[in-house]
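entry34.cif (mmCIF, C-alpha atoms)
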```
data_entry
loop_
_atom_site.label_atom_id
_atom_site.label_comp_id
_atom_site.auth_asym_id
_atom_site.auth_seq_id
_atom_site.Cartn_x
_atom_site.Cartn_y
_atom_site.Cartn_z
CA MET S 15 19.29 -9.71 -6.15
CA ILE S 16 19.14 -6.71 -3.82
CA ILE S 17 16.03 -4.53 -3.88
CA LEU S 18 15.10 -1.37 -2.01
CA HIS S 19 11.40 -1.34 -1.09
CA ILE S 20 9.61 1.96 -0.39
CA GLU S 21 6.16 2.19 1.24
CA THR S 22 4.58 5.62 1.84
CA SER S 23 0.93 5.09 0.88
CA THR S 24 -0.54 5.82 4.33
CA HIS S 25 0.64 7.60 7.50
CA ILE S 26 3.47 5.07 7.91
CA CYS S 27 6.86 5.60 6.30
CA SER S 28 8.84 2.39 5.85
CA ILE S 29 11.68 1.03 3.77
CA VAL S 30 13.29 -2.38 3.54
CA ILE S 31 16.30 -3.69 1.69
CA SER S 32 16.02 -7.33 0.70
CA GLU S 33 18.58 -9.80 -0.58
CA ASP S 34 16.76 -12.44 -2.59
CA GLU S 35 13.68 -13.01 -0.37
CA ASN S 36 15.31 -12.05 2.93
CA CYS S 37 15.07 -8.69 4.71
CA ILE S 38 18.57 -7.38 5.50
CA PHE S 39 17.71 -3.78 6.50
CA LYS S 40 14.52 -2.10 7.78
CA LYS S 41 13.43 1.36 8.93
CA GLU S 42 9.88 2.36 9.92
CA ASP S 43 8.08 5.36 11.38
CA PHE S 44 4.47 5.22 12.62
CA GLN S 45 4.20 8.81 13.90
CA GLY S 46 2.26 10.41 11.05
CA MET S 47 2.80 11.89 7.61
CA ASN S 48 6.55 12.44 8.01
CA HIS S 49 7.52 11.01 4.64
CA ALA S 50 9.06 14.20 3.25
CA ALA S 51 11.34 14.52 6.27
CA LEU S 52 12.19 10.87 6.91
CA LEU S 53 12.21 8.94 3.64
CA SER S 54 15.51 10.32 2.36
CA VAL S 55 17.10 9.83 5.79
CA PHE S 56 15.98 6.19 5.90
CA ILE S 57 17.27 5.56 2.38
CA GLN S 58 20.64 7.14 3.14
CA GLU S 59 20.96 4.88 6.18
CA GLY S 60 20.15 1.95 3.92
CA PHE S 61 22.81 2.99 1.42
CA ASN S 62 25.34 3.30 4.24
CA PHE S 63 24.47 -0.25 5.27
CA LEU S 64 24.97 -1.51 1.71
CA GLU S 65 28.31 0.27 1.38
CA GLN S 66 29.54 -1.16 4.69
CA ASN S 67 28.64 -4.65 3.48
CA ASN S 68 29.99 -4.18 -0.05
CA LYS S 69 26.59 -4.60 -1.68
CA LYS S 70 24.72 -2.59 -4.32
CA LEU S 71 21.13 -2.24 -5.43
CA ASP S 72 19.69 -4.14 -8.38
CA ALA S 73 16.24 -2.49 -8.35
CA VAL S 74 13.84 -0.24 -6.46
CA ALA S 75 10.29 -1.34 -5.61
CA VAL S 76 7.61 1.15 -4.59
CA SER S 77 4.05 0.92 -3.34
CA PHE S 78 2.14 2.68 -6.11
CA GLY S 79 -1.35 2.89 -4.63
CA PRO S 80 -4.10 3.40 -3.96
CA GLY S 81 -3.54 5.53 -0.88
CA SER S 82 -2.57 9.04 0.20
CA TYR S 83 -2.01 11.34 -2.78
CA THR S 84 0.89 13.08 -1.08
CA GLY S 85 2.44 9.91 0.28
CA LEU S 86 2.27 8.10 -3.06
CA ARG S 87 3.84 11.00 -4.95
CA ILE S 88 6.69 11.29 -2.46
CA GLY S 89 7.40 7.56 -2.60
CA LEU S 90 7.22 7.24 -6.38
CA SER S 91 9.18 10.40 -7.17
CA THR S 92 11.93 9.27 -4.80
CA ALA S 93 11.98 5.79 -6.35
CA LYS S 94 12.09 7.19 -9.88
CA GLY S 95 14.96 9.51 -8.97
CA LEU S 96 16.96 6.61 -7.60
CA CYS S 97 16.29 4.47 -10.66
CA PHE S 98 17.31 7.29 -13.03
CA GLY S 99 20.45 8.04 -11.06
CA LEU S 100 21.57 4.44 -10.57
CA ASP S 101 20.27 3.14 -13.93
CA ILE S 102 18.33 0.29 -12.31
CA PRO S 103 14.78 -0.94 -12.92
CA LEU S 104 11.63 0.25 -11.12
CA ILE S 105 9.08 -2.23 -9.74
CA SER S 106 5.56 -1.28 -8.64
CA VAL S 107 3.55 -3.19 -6.04
CA SER S 108 -0.13 -2.64 -5.22
CA THR S 109 -0.75 -1.20 -1.76
CA LEU S 110 -3.78 -3.47 -1.41
CA GLU S 111 -1.69 -6.55 -2.20
CA ILE S 112 0.85 -5.48 0.43
CA MET S 113 -1.96 -5.26 3.00
CA MET S 114 -3.34 -8.65 1.95
CA ILE S 115 0.05 -10.26 2.50
CA ALA S 116 0.27 -8.62 5.93
CA ALA S 117 -3.17 -9.95 6.87
CA LYS S 118 -2.42 -13.48 5.68
CA ASN S 119 0.81 -13.48 7.68
CA ALA S 120 -0.99 -12.16 10.76
CA THR S 121 -3.85 -14.66 10.69
CA LYS S 122 -1.83 -17.74 9.68
CA SER S 123 -5.14 -19.46 9.14
CA ASP S 124 -6.97 -21.23 6.31
CA SER S 125 -10.33 -20.36 7.84
CA PHE S 126 -10.76 -17.26 5.67
CA SER S 127 -12.09 -17.67 2.14
CA PHE S 128 -11.56 -14.02 1.22
CA PHE S 129 -9.31 -11.12 2.23
CA VAL S 130 -10.52 -7.55 1.74
CA PRO S 131 -7.99 -4.75 2.37
CA MET S 132 -9.62 -1.36 2.94
CA ILE S 133 -7.98 2.06 2.72
CA ASP S 134 -10.01 4.96 4.07
CA ALA S 135 -11.30 7.25 1.30
CA ARG S 136 -13.41 9.51 3.57
CA ARG S 137 -17.09 9.33 4.45
CA MET S 138 -18.35 5.78 3.78
CA GLU S 139 -16.02 5.14 0.88
CA VAL S 140 -12.98 2.87 0.83
CA TYR S 141 -10.38 1.77 -1.69
CA ASP S 142 -10.60 -2.01 -1.69
CA ALA S 143 -10.07 -5.25 -3.56
CA VAL S 144 -10.95 -8.89 -2.90
CA TYR S 145 -8.39 -11.70 -2.77
CA ASP S 146 -9.03 -15.41 -2.27
CA ASN S 147 -7.28 -17.56 0.33
CA ASN S 148 -4.39 -18.19 -2.07
CA GLY S 149 -3.75 -14.48 -2.45
CA VAL S 150 -5.21 -14.36 -5.96
CA LEU S 151 -6.96 -11.13 -6.91
CA ILE S 152 -10.60 -11.93 -7.71
CA ARG S 153 -12.11 -8.43 -7.64
CA GLN S 154 -10.16 -5.54 -9.05
CA PRO S 155 -9.28 -2.52 -6.87
CA GLU S 156 -12.04 0.06 -6.81
CA ALA S 157 -13.47 2.94 -4.79
CA THR S 158 -16.43 1.34 -2.99
CA ILE S 159 -19.20 3.22 -1.21
CA ILE S 160 -20.02 0.84 1.62
CA ASP S 161 -23.53 -0.42 2.25
CA ARG S 162 -24.87 -3.66 3.69
CA TYR S 163 -24.67 -5.41 0.30
CA SER S 164 -21.25 -4.28 -0.92
CA TYR S 165 -19.85 -7.84 -0.64
CA SER S 166 -23.07 -9.85 -0.95
CA GLN S 167 -21.66 -12.01 -3.76
CA PHE S 168 -19.00 -13.34 -1.35
CA GLU S 169 -20.66 -13.41 2.07
CA THR S 170 -22.35 -16.82 1.68
CA LYS S 171 -19.20 -18.48 0.30
CA GLY S 172 -17.04 -18.39 3.43
CA LYS S 173 -15.51 -16.11 6.03
CA ILE S 174 -14.38 -12.71 4.82
CA CYS S 175 -11.46 -10.99 6.53
CA PHE S 176 -11.72 -7.17 6.49
CA PHE S 177 -8.76 -5.01 7.56
CA GLY S 178 -6.97 -1.73 7.02
CA ASN S 179 -7.55 1.85 8.13
CA GLY S 180 -10.87 1.98 6.29
CA SER S 181 -12.36 -1.09 7.95
CA ASP S 182 -13.37 0.26 11.38
CA LYS S 183 -16.08 2.53 10.02
CA CYS S 184 -17.52 -0.41 8.08
CA LYS S 185 -18.11 -2.69 11.09
CA PRO S 186 -21.60 -1.43 11.95
CA ILE S 187 -22.76 -1.85 8.34
CA LEU S 188 -21.03 -5.10 7.35
CA ASN S 189 -22.44 -7.03 10.30
CA PHE S 190 -23.25 -10.29 8.54
CA GLU S 191 -22.25 -13.64 10.03
CA ASN S 192 -19.18 -14.35 7.89
CA ALA S 193 -17.59 -10.90 8.34
CA VAL S 194 -14.46 -10.85 10.51
CA PHE S 195 -12.51 -7.65 11.22
CA ILE S 196 -8.87 -7.71 12.29
CA GLU S 197 -6.88 -4.72 13.52
CA ASN S 198 -3.37 -3.34 13.15
CA ILE S 199 -2.86 -4.35 9.53
CA HIS S 200 -0.84 -1.71 7.71
CA PRO S 201 0.97 -1.55 4.37
CA LEU S 202 4.64 -2.02 5.28
CA ALA S 203 7.70 -2.35 3.07
CA GLU S 204 8.60 -5.75 4.54
CA ASN S 205 5.47 -7.22 2.92
CA MET S 206 6.55 -6.01 -0.52
CA ILE S 207 9.44 -8.43 -0.79
CA ASN S 208 7.79 -11.50 -2.32
CA PRO S 209 5.75 -9.74 -5.03
CA ALA S 210 8.68 -7.48 -5.89
CA VAL S 211 11.06 -10.43 -6.21
CA LYS S 212 8.60 -12.22 -8.51
CA LYS S 213 8.33 -9.15 -10.71
CA TYR S 214 12.12 -8.80 -10.81
CA ILE S 215 12.54 -12.42 -11.88
CA ASN S 216 9.87 -12.00 -14.56
CA GLN S 217 11.35 -8.62 -15.57
CA GLU S 218 8.03 -6.86 -15.01
CA PHE S 219 9.44 -3.35 -14.74
CA GLU S 220 7.81 0.07 -15.00
CA ASP S 221 8.72 2.80 -17.46
CA VAL S 222 10.58 5.15 -15.14
CA ALA S 223 9.71 8.19 -17.23
CA TYR S 224 5.97 7.62 -17.42
CA CYS S 225 4.99 5.60 -14.34
CA GLU S 226 2.34 7.38 -12.23
CA PRO S 227 0.71 6.51 -8.90
CA PHE S 228 -2.48 4.44 -9.03
CA TYR S 229 -4.87 6.84 -7.33
CA LEU S 230 -8.22 5.18 -8.25
CA LYS S 231 -9.79 8.65 -7.91
CA GLU S 232 -8.60 12.04 -9.07
CA PHE S 233 -7.38 14.44 -6.41
CA GLN S 234 -9.97 17.03 -5.36
CA ALA S 235 -8.63 20.02 -3.49
CA THR S 236 -10.82 21.34 -0.70
CA ILE S 237 -11.78 25.02 -0.54
CA PRO S 238 -11.32 26.75 2.82
CA LYS S 239 -14.64 27.72 4.41
CA ASN S 240 -13.65 31.36 4.74
CA LYS S 241 -13.23 31.59 0.96
CA VAL S 242 -16.62 29.98 0.38
CA LEU S 243 -18.17 32.53 2.73
CA GLY S 244 -16.26 35.40 1.18
CA THR S 245 -14.36 36.24 4.35
CA ASP S 246 -10.82 35.58 3.20
CA ASN S 247 -8.79 38.42 4.67
CA ASN S 248 -6.27 38.10 1.85
CA LEU S 249 -8.82 39.12 -0.80
#
```

Would you write the structure of this file as structure tokens?
Amino acid sequence: MIILHIETSTHICSIVISEDENCIFKKEDFQGMNHAALLSVFIQEGFNFLEQNNKKLDAVAVSFGPGSYTGLRIGLSTAKGLCFGLDIPLISVSTLEIMMIAAKNATKSDSFSFFVPMIDARRMEVYDAVYDNNGVLIRQPEATIIDRYSYSQFETKGKICFFGNGSDKCKPILNFENAVFIENIHPLAENMINPAVKKYINQEFEDVAYCEPFYLKEFQATIPKNKVLGTDNNL
């Protein structure tokens, strides 16, 4: 099976093409929210690679959230368009699961009892979930306002590995003995391969027409200060 994996949930834009469980093509950009400009270019390069090697896609997998509203919509709308056009199934993979896989691969250790991916949700809030050492989800994804006791039910049961772009701001608060913070863990398309392959084998596909990003929270547009103060020159 050949699957295109799309990850655009944070500032990183990445795609991978896998054959069975092996990565055969990869493109990544870490320079900021360039998804609208780069994603289609990366995918076209991937299609060129497939054509040169006489291969064709069997499915598209996409990171469906939580994460950046804009990034998620770009990734999912692109994935849905490809699936409609090529008449192939759509697979969704949790952004938090992708991060957990990245952290487990980076640590290569059985010393952690729990893995907690954190995506920044502004102020002292993060999108998170809790996984055990086997990668099993034991606390559902949620928007958590961090305080000293946010993970008290786990902190006496073993070491907890915190990571992701929301974790740095939590260090001063989650300063208990079993808390360990690791850096440079990002959701990348290469870490989507195993869960996407499992879903393909089990035929766990999304409805292309109705699939929506998993935001966790509704989008709230900010109001420019000059409008609040009544100084908008366009009024």

**OP:** Show which residues sit within 8 Å of Ala73 in chain S, as a PyMOL selection string. Count all atoms listed in the file, and ignore same-chain residues fewer than 3 positions away.
**Re:** chain S and resi 16-18+97+102-105+214

(request) Run the PyMOL selection byres ((chain S and resi 56-59) around 9) on the file and write out the hits as a PyMOL selection string. (result) chain S and resi 18+20+28-30+40-42+52-55+60-64

Find the spatial neighbours of Leu110 in chain S, counting all atoms listed in the file, within a cut-off of 10 Å - ignore same-chain residues fewer than 2 positions away - and output them as a count of residues only.
26

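Distances here use only C-alpha atoms; by that measure, the residue among S:Thr22, S:Asn198, S:Thr170, S:Asn67 closest to Ala120 in chain S is S:Asn198.
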
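Selection check: the PyMOL selection byres ((chain S and resi 224) around 12) on the shown file gives Leu90, Ser91, Lys94, Leu104, Phe219, Glu220, Asp221, Val222, Ala223, Cys225, Glu226 and Pro227 of chain S.
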
Lys212 in chain S: which residues within 12 Å, counting all atoms listed in the file, same-chain residues fewer than 4 positions away excluded, as JSON, numbers by chain? {"S": [15, 17, 34, 35, 75, 105, 106, 107, 206, 207, 208, 216, 217, 218, 219]}

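Nearest to Ala93 in chain S of all the residues S:His19, S:His25, S:Arg136, S:Lys69 is S:His19, based on only C-alpha atoms.
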
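Separating CA of Phe39 in chain S from CA of Glu204 in chain S is a distance of 9.5 Å.
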
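What separates CA of Ala157 in chain S from CA of Leu230 in chain S is a distance of 6.7 Å.
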
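The coordinates place CA of Gly46 in chain S at 10.8 Å from CA of Gly85 in chain S.
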
**OP:** Find the spatial neighbours of Asn192 in chain S, counting all atoms listed in the file, within a cut-off of 12 Å - ignore same-chain residues fewer than 5 positions away - and output them as JSON, numbers by chain.
**Re:** {"S": [125, 126, 127, 128, 129, 165, 166, 168, 169, 170, 171, 172, 173, 174, 175, 176]}

Exercise for the section: Extract, using all atoms listed in the file, all DNA, RNA and protein residues at most 9 Å from Ile159 in chain S, discarding same-chain residues fewer than 5 positions from it, and format them as a count of residues only. Expected result: 6

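If you measure from each of S:Asn68, S:Thr84, S:Ser23, S:Asn205 to Asn179 in chain S using all atoms listed in the file, the closest one turns out to be S:Ser23.
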